[in-house]
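Comments concern the structure below.
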Amino acid sequence: MVMWRAAAGHLLGRALGSRAAHTSAGSKKIVGVFYKGGEYADKNPNFVGCVEGALGIREWLESRGHQYIVTDDKEGLNSELEKHIEDTHVLITTPFHPAYVSAERIKKAKNLELLLTAGIGSDHIDLPAAAAAGLTVAEVTGSNTVSVAEDELMRILILLRNFLPGYQQVVQGDWNVAGIAYRAYDLEGKTVGTVGAGRIGRLLLQRLKPFNCNLLYHDRLKIDPELEKEIGAKFEEDLDAMLPKCDVIVINTPLTEKTRGMFNKERIAKMKKGVIIVNNARGAIMDTQAVADACSSGHVAGYGGDVWFPQPAPKDHPWRYMPNHAMTPHISGTTIDAQLRYAAGVKDMLDRYFKGEDFPVQNYIVKEGQLASQYQ
């Protein structure tokens with residue numbers, strides 16, 4: 001069961017319940033902020049996660065008398081989001097093209113009742129401010145956990161096997177086996193540690209078991225003993241004691257004020273020389289420059305992931321240019337399969353909202369002024 005705690009200072013906001021999701025009635029204005037599909041929008045009928053696809057719910061919403069505005073324009077006072085925020089009832093955002101919902105934006109949004117995340121991870125929202133304002137925040141829990149776990153496993157293999165230089169050789173017309181083989185390794189027998197063993201972390205550990213790795217995990221809660229035994233993973237209570245043991249470290253913890261910047265220069269220095277790091281959690285968990293410096297020095301043999309801060313990443317972001325990286329835009333959780341799952345989840349919650357029904361309990365991030373335990 002999701003644990004809750006009261007957000008400090010929530011009594012200073014609007015009276016709780018005045019903007020609660022279960023009090024909705026009548027026609028609503030709904031704004032969705034997604035990445036633009038562009039030339040790719042029509043190439044797959046199931047490509048619903050983009051602006052043009054609009055989660056596949058436009059006809060359903062408009063046939064019921066609701067207004068549905070969809071845009072990718074989210075930055076600055078002249079953005080489309082800013083133009084509509086004041087009289088929006090429901091704002092749908094996504095981690096893949098995050099609309100940063102600050103306390104200032106929440107204050108402007110006089111009619112706002114509900115913030116939905118199409119996917120997993122609502123750290124782009126000022127959650128204490130949302131709680132103080134009596135808003136409901138929810139996401140589609142579990143919608144892309146498999147997608148992200150599979151992607152993490154892929155990046156581990158890409159970095160360990162030194163795949164990308166080999167690919168680049170082929171594209172460039174070169175052929176130099178030694179230039180790849182001198183730093184290519186098997187996954188079997190390596191020690192892999194995950195920082196965080198929630199839904200994604202557990203799925204990753206299960207997928208790593210057939211590779212005969214030594215599996216470690218650090219979390220505030222232990223995995224169910226039966227599952228822990230089945231996977232063969234060992235709990236490490238002390239993060240700093242676990243790090244030097246690992247050949248591969250995977251970040252699977254939410255971004256909170258406690259985890260923001262937790263992997264700084266000092267903590268990275270505690271890792272084994274030649275470590276591989278994969279981070280599909282959130283970019284701001286890492287000290288950006290510390291990661292780039294560690295890759296340049298060789299202390300970190302490879303860094304891979306799809307999360308940056310901010311997003312989209314600026315063209316001069318140091319992770320674009322550091323050696324031995326396997327970085328991409330934020331894509332791991334927005335496969336076509338994941339899009340269909342989180343689109344269905346958003347539609348389900350909107351339907352419940354219109355009917356005045358509660359959401360699945362695991363989907364709530366902020367409810368009645370209280371934050372879910374993972375954001376404590």
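A note on labels: chains of the structure tokens are A, B, ... as shown, every chain counts residues from 1, and ligands are counted from 1 in their shown order.
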
- request: Mind checking which residues fall within 6 Å of segment 47-62 of chain A, counting only C-alpha atoms, ignoring those fewer than 3 positions away in the same chain, and posting them as a PyMOL selection string?
  value: chain A and resi 34-37+44+65-66+71+339+343

Just the selected residues (C-alpha atoms), exported as a PDB file, in the first residue's frame, please.
ATOM      1  CA  PHE A  34       4.046  16.091 -25.417  1.00  0.00           C
ATOM      2  CA  TYR A  35       6.988  15.871 -27.810  1.00  0.00           C
ATOM      3  CA  LYS A  36       6.270  16.651 -31.456  1.00  0.00           C
ATOM      4  CA  GLY A  37       6.057  13.703 -33.853  1.00  0.00           C
ATOM      5  CA  ASN A  44       2.811   4.223 -37.083  1.00  0.00           C
ATOM      6  CA  GLY A  65     -17.884  18.309 -24.622  1.00  0.00           C
ATOM      7  CA  HIS A  66     -14.396  18.840 -23.218  1.00  0.00           C
ATOM      8  CA  THR A  71       1.246  21.351 -27.649  1.00  0.00           C
ATOM      9  CA  GLN A 339       2.810   4.603 -25.112  1.00  0.00           C
ATOM     10  CA  ALA A 343      -2.281   6.407 -22.925  1.00  0.00           C
TER      11      ALA A 343
END

task: Would you return as a PyMOL selection string the members of segment 65-295 of chain A that DSSP assigns to alpha helix (DSSP H) on this structure's backbone?
output: chain A and resi 80-84+103-108+127-132+145-160+163-172+178-181+199-208+225-231+239-242+265-269+288-295

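Closest to Met271 of chain A among A:Pro98, A:Pro310, A:Gly198, A:Gly193 is A:Gly193, based on only C-alpha atoms.
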
task: Name the residues in contact with segment 303-308 of chain A at a cut-off of 10 Å, using only C-alpha atoms, excluding same-chain residues fewer than 4 positions from it; report them as a ChimeraX atom specification.
output: /A:95-96,148,151-152,154-156,158-159,248-251,275-286,288,291-292,294-295,312-314,317,319,322-333

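Taking only C-alpha atoms, the non-local environment of Gln376 of chain A within 8 Å (same-chain residues fewer than 3 positions away omitted) comprises Arg5, Thr256, Leu371, Ala372 and Ser373 of chain A.
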
Export of the given selection (C-alpha atoms) as an mmCIF file, in the first residue's frame:
data_model
loop_
_atom_site.group_PDB
_atom_site.id
_atom_site.type_symbol
_atom_site.label_atom_id
_atom_site.label_comp_id
_atom_site.auth_asym_id
_atom_site.auth_seq_id
_atom_site.Cartn_x
_atom_site.Cartn_y
_atom_site.Cartn_z
ATOM 1 C CA ARG A 5 2.513 12.014 4.695
ATOM 2 C CA THR A 256 13.721 13.800 -4.660
ATOM 3 C CA LEU A 371 2.816 13.078 -0.863
ATOM 4 C CA ALA A 372 3.462 9.456 -1.800
ATOM 5 C CA SER A 373 6.206 7.808 0.224
#

message: If we count only C-alpha atoms and set the cut-off at 7 Å, which residues sit around Lys108 of chain A, ignoring sequence neighbours fewer than 2 positions away in its own chain? Please answer as number ranges by chain.
response: A: 85-86, 104-106, 110

Next, write the just-selected residues to a file, as a PDB file, in the first residue's frame, keeping N, CA and C atoms as the atom set.
ATOM      1  N   ILE A  85      -2.586  28.110 -19.245  1.00  0.00           N
ATOM      2  CA  ILE A  85      -2.484  27.563 -17.892  1.00  0.00           C
ATOM      3  C   ILE A  85      -3.512  28.150 -16.935  1.00  0.00           C
ATOM      4  N   GLU A  86      -3.882  29.396 -17.133  1.00  0.00           N
ATOM      5  CA  GLU A  86      -4.728  30.084 -16.147  1.00  0.00           C
ATOM      6  C   GLU A  86      -6.106  29.438 -16.012  1.00  0.00           C
ATOM      7  N   GLU A 104       5.075  28.843  -9.294  1.00  0.00           N
ATOM      8  CA  GLU A 104       4.534  30.032  -9.952  1.00  0.00           C
ATOM      9  C   GLU A 104       3.446  29.657 -10.948  1.00  0.00           C
ATOM     10  N   ARG A 105       3.684  28.589 -11.711  1.00  0.00           N
ATOM     11  CA  ARG A 105       2.665  28.149 -12.666  1.00  0.00           C
ATOM     12  C   ARG A 105       1.411  27.647 -11.946  1.00  0.00           C
ATOM     13  N   ILE A 106       1.614  26.934 -10.867  1.00  0.00           N
ATOM     14  CA  ILE A 106       0.477  26.437 -10.101  1.00  0.00           C
ATOM     15  C   ILE A 106      -0.346  27.603  -9.557  1.00  0.00           C
ATOM     16  N   LYS A 110      -5.638  29.048 -11.847  1.00  0.00           N
ATOM     17  CA  LYS A 110      -6.727  29.213 -10.882  1.00  0.00           C
ATOM     18  C   LYS A 110      -7.738  28.070 -10.933  1.00  0.00           C
TER      19      LYS A 110
END

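Selecting strand (DSSP E) from the backbone DSSP output for segment 293-349 of chain A yields A:Val300, A:Ala301, A:Gly302, A:Tyr303, A:Gly304, A:Gly305, A:His325, A:Ala326, A:Met327.
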
- prompt: For Ile365 of chain A, which of A:Gly26, A:Gly166, A:Gly32, A:Pro128 is the closest residue, counting only C-alpha atoms?
  reply: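 Closest to Ile365 of chain A, using only C-alpha atoms: A:Pro128.
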
task: Tell me which of A:Thr88, A:Asn214, A:Ser143, A:Thr191 sits closest to Pro244 of chain A, counting only C-alpha atoms.
output: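 Counting only C-alpha atoms, the residue closest to Pro244 of chain A is A:Thr191.
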
- request: Take atom CA of Lys107 of chain A and atom CA of Ala133 of chain A and report the distance between them in Å, one decimal.
  value: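 Answer for the atom CA of Lys107 of chain A to atom CA of Ala133 of chain A separation: 8.1 Å.
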
query: For Asp219 of chain A, which residue among A:Ala109, A:Met242, A:Ile231, A:Val346 is the nearest when counting only C-alpha atoms?
result: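 With only C-alpha atoms as the atom set, the closest residue is A:Met242.
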
- prompt: To one decimal place, how far is atom CA of Ala290 of chain A from atom CA of Glu266 of chain A in Å?
  reply: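 About the pair atom CA of Ala290 of chain A and atom CA of Glu266 of chain A: they are 8.8 Å apart.
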
- prompt: Which of these, A:Gly121, A:Ala181, A:Asp186, A:Gly173, has the shortest distance to Asn252 of chain A once you count only C-alpha atoms?
  reply: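 Ranking A:Gly121, A:Ala181, A:Asp186, A:Gly173 by distance to Asn252 of chain A, first place goes to A:Gly121.
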
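Nearest to Leu160 of chain A of all the residues A:Tyr185, A:Trp175, A:Phe263, A:Tyr364 is A:Tyr185, based on only C-alpha atoms.
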
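Separating atom CA of Arg260 of chain A from atom CA of Tyr375 of chain A is a distance of 11.6 Å.
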